[in-house]
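These notes are about the structure you will find just below.
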Amino acid sequence: NAIVPLLGPTLGQRHVQTVLLFFSIVVNYIAKFNASVAVVAMTNANNTNPNVPTYDWNEMERSYILSSFFWGYILTQFLGGWLCRRFGARRTMSISTLGSAMLALLVPFFVPWGGWQAYCVIRVCMGAFQGLLFPCIHAHLANWCPPKERNRLGALANTGIDCGTLLAMFISGLLAASNVGWPGIFYISCGVGILWCVFWMLFGADTPRQSKFISPEELEYIESSQNDNNKLQDAKETRQIPVPWKAIVSSVPLWALFVVRCTQSWGNSTLQAEIPAYMNGVLLMDMKSNALYSALPYLCSWIMAFVYLIASDILLTRGILSITGVRKIINSIASWMPAIFLIGLSFLDSSQKTFAIVLMSVSVGINAGSTIGSALNTIDLSPNHAGILMGIVNTGANIIPILTPLLVGLIVKNEHDNSEWQVVFIISAVIFFAGNLVYIIFGQMVNQPWNAADFLDSQQVSNLQEKGKVVEALTDGKQADQEDIKS
């Protein structure tokens with residue numbers, strides 16, 4: 001038997017894949033979140049470049065533009081998981097990112113012709129392409145990460161969420177204020193997306209065995225460590241394994257993850273989308289006109305993502321906590337502390353603006369722990385079906401950002417009324433708290449039985465054995481009855 005190396009190469013292709021995944025999230029998030037800055041610039045008559053057109057869109061029309069991305073995004077999560085299993089992450093992510101990048105390029109050409117409706121259609125299509133992304137990312141991490149490095153590499157890749165959001169705000173603001181004007185936002189979004197696709201096609205590989213650049217030592221390290229963790233024997237590809245749908249949809253740990261990701265999405269959408277409106281209405285602050293205030297929470301989030309990463313790595317490598325303890329403790333911090341801060345924010349007034357900014361930034365920063373706390377749990381439950389699980393979880397989580405603005409619209413009739421906002425924040429805090437409680441009680445961080453490659457085969461054999469026992473019992477019963485009749 002081959003001796004399994006305790007440690008792989010310090011730097012190898014698994015790290016290259018992680019960096020590529022990081023930048024895939026960055027370039028897609030730049031395209032995803034540049035709209036919040038772009039719509040302001042597109043409706044601002046005081047542009048630096050007088051040749052750039054502006055539009056008279058009202059608040060409702062701008063809201064349609066911002067939310068339209070998620071209409072398409074929730075439709076393709078399952079498709080992303082299926083395409084990844086069928087064609088691999090390399091091809092599927094290339095299609096996802098290239099499609100999103102080319103659609104971004106269409107905005108400066110189609111909006112002057114079709115108005116805000118054309119922008120909405122483009123955003124819906126962009127969301128549909130990007131919906132393929134995260135199921136592939138989780139499946140790719142499962143294929144490439146040795147179990148002991150899964151938390152570290154997965155968290156590093158997912159820091160692209162915070163970096164991408166920060167860059168979307170910062171770069172878009174600079175471009176909108178430059179002589180290029182708001183069209184430059186979309187040219188850059190397209191350019192960085194295409195550039196990533198080039199590097200991905202050169203260096204990306206669906207599995208370690210398919211990589212042209214991996215060393216024999218690293219290949220042995222990755223495959224041996226995964227096989228030791230009940231991964232596939234004989235390097236059988238994930239796409240060849242049948243999906244145990246019945247076992248998946250009846251899995252309590254999966255639904256605990258589904259619940260907590262949905263409740264975190266509720267809290268996140270309240271923190272990130274509604275607080276600027278609250279600060280504008282109650283605290284009398286124009287958040288969108290100040291680039292520093294807009295970017296500060298995301299800068300805190302990106303910094304805190306590395307703090308959580310380093311802390312969890314120390315706790316795991318030194319054996320202080322298990323992966324279960326790390327995930328549940330960090331997720332509790334990332335959920336319950338922002339819940340408390342949300343309630344605190346609702347009691348501040350316009351004389352406490354500085355404290356409000358600090359509290360908002362700290363809330364968004366602390367919430368960055370949800371990546372390590374729960375987002376990577378799909379790989380814990382089933383490396384072989386991580387893409388499918390991510391499709392299920394992400395579908396539910398991304399319906400929420402469509403619903404939260406509707407609730408705010410029903411409750412907040414006067415944006416200057418502090419008491420109405422208190423109701424919004426208290427509801428979000430309760431949802432934050434309850435979702436994490438479900439995760440603590442029912443969540444698990446170990447491979448589920450249905451992760452096994454031969455799970456359905458074993459189940460079929462077990463059913464046949466049960467049927468055989470029943471048939472044997474019936475046969476014995478008939479023979480006994482016949483003997484009784486003869487006697």
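In the structure tokens, each chain is lettered A, B, ... as it comes, each chain's residues begin at 1, and ligands are numbered from 1 in order of appearance.
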Which of segment 256-357 of chain A counts as alpha helix (DSSP H) under DSSP, as a PyMOL selection string please? chain A and resi 256-269+275-281+291-317+323-345+353-357
Using only C-alpha atoms, tabulate the residues of segment 89-156 of chain A lying at most 12 Å from any atom of segment 166-185 of chain A, each with its closest atom pair and that distance in Å to one decimal, by chain and increasing residue number, as JSON lines.
```
{"residue": "A:Ala101", "atom": "CA", "partner": "A:Ile185", "partner_atom": "CA", "distance": 11.6}
{"residue": "A:Ala104", "atom": "CA", "partner": "A:Ile185", "partner_atom": "CA", "distance": 8.9}
{"residue": "A:Leu105", "atom": "CA", "partner": "A:Pro183", "partner_atom": "CA", "distance": 8.7}
{"residue": "A:Leu106", "atom": "CA", "partner": "A:Pro183", "partner_atom": "CA", "distance": 9.9}
{"residue": "A:Val107", "atom": "CA", "partner": "A:Pro183", "partner_atom": "CA", "distance": 7.8}
{"residue": "A:Pro108", "atom": "CA", "partner": "A:Pro183", "partner_atom": "CA", "distance": 5.5}
{"residue": "A:Phe109", "atom": "CA", "partner": "A:Pro183", "partner_atom": "CA", "distance": 9.1}
{"residue": "A:Phe110", "atom": "CA", "partner": "A:Pro183", "partner_atom": "CA", "distance": 11.4}
{"residue": "A:Val111", "atom": "CA", "partner": "A:Pro183", "partner_atom": "CA", "distance": 10.5}
{"residue": "A:Pro112", "atom": "CA", "partner": "A:Pro183", "partner_atom": "CA", "distance": 11.2}
```
Show which residues sit within 7 Å of Tyr29 of chain A, as a list in words. Count only C-alpha atoms, and ignore same-chain residues fewer than 3 positions away. Ile25, Val26, Lys32, Phe33, Ile161, Gly164, Thr165 and Ala168 of chain A
Of the candidates A:Ile343, A:Cys163, A:Leu219, A:Ile248, which one gets nearest to Met304 of chain A if we count only C-alpha atoms? A:Cys163
Could you state the separation of atom CA of Phe425 of chain A and atom CA of Val408 of chain A in Å, given to one decimal place?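 Result for atom CA of Phe425 of chain A versus atom CA of Val408 of chain A: 9.7 Å, one decimal.
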I'd like to know which of A:Ser351, A:Asn398, A:Asn377, A:Leu283 is closest to Asp417 of chain A, using only C-alpha atoms.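 Of the candidates, the smallest distance to Asp417 of chain A is held by A:Leu283.
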Would you tabulate, counting only C-alpha atoms, all residues of segment 298-382 of chain A that have an atom at most 7 Å from an atom of segment 441-453 of chain A, showing the closest pair of atoms and their distance in Å to one decimal, sorted by chain then ascending number, as a tab-separated table?
```
residue	atom	partner	partner_atom	distance
A:Ile323	CA	A:Met445	CA	6.7
A:Thr324	CA	A:Met445	CA	5.4
A:Asn377	CA	A:Met445	CA	6.4
A:Asp380	CA	A:Met445	CA	5.1
A:Leu381	CA	A:Asn447	CA	4.5
A:Ser382	CA	A:Asn451	CA	5.0
```
Using only C-alpha atoms, which of A:Ala434, A:Met60, A:Val27, A:Leu79 sits nearest Leu406 of chain A?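 Using only C-alpha atoms, Leu406 of chain A sits closest to A:Met60.
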Find the spatial neighbours of Leu359 of chain A, counting only C-alpha atoms, within a cut-off of 10 Å - ignore same-chain residues fewer than 3 positions away - and output them as a list in words. Pro297, Pro338, Phe341, Leu342, Gly344, Leu345, Lys353, Thr354, Phe355, Ala356, Val362, Ser363, Val364 and Gly365 of chain A
Take the residues that were just selected and, keeping C-alpha atoms, output them as a CSV table (one decimal), in the first residue's frame.
```
chain,number,residue,atom,x,y,z
A,297,PRO,CA,-18.7,48.3,5.2
A,338,PRO,CA,-25.3,41.6,13.8
A,341,PHE,CA,-26.4,45.6,16.2
A,342,LEU,CA,-29.5,45.8,14.0
A,344,GLY,CA,-29.1,49.0,18.2
A,345,LEU,CA,-29.1,50.8,14.9
A,353,LYS,CA,-24.3,59.6,12.6
A,354,THR,CA,-20.7,58.7,13.3
A,355,PHE,CA,-21.7,55.9,15.7
A,356,ALA,CA,-24.3,54.7,13.2
A,362,VAL,CA,-18.9,46.5,12.2
A,363,SER,CA,-22.2,44.6,11.5
A,364,VAL,CA,-21.3,43.9,7.9
A,365,GLY,CA,-17.8,43.0,8.9
```
Closest of A:Leu83, A:Met102, A:Met42, A:Val393 to Cys262 of chain A - atom-to-atom distances counting only C-alpha atoms: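 Closest residue, counting only C-alpha atoms: A:Val393.
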Provide the atom CA of Pro401 of chain A to atom CA of Ile431 of chain A distance in Å, to one decimal place.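 Atom CA of Ile431 of chain A lies 14.0 Å from atom CA of Pro401 of chain A.
Distance check against Gln264 of chain A using only C-alpha atoms: of A:Ala118, A:Leu156, A:Ala368, A:Cys145, the minimum falls on A:Ala368.
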Find the residues around Ser361 of chain A up to 10 Å (only C-alpha atoms counted), leave out those fewer than 3 positions away in its own chain, and share them as a VMD selection string. chain A and resid 271 to 272 293 to 301 355 to 358 364 to 367
Counting only C-alpha atoms, the option among A:Cys136, A:Ile188, A:Ile74, A:Ile314 closest to Ile400 of chain A: A:Ile74
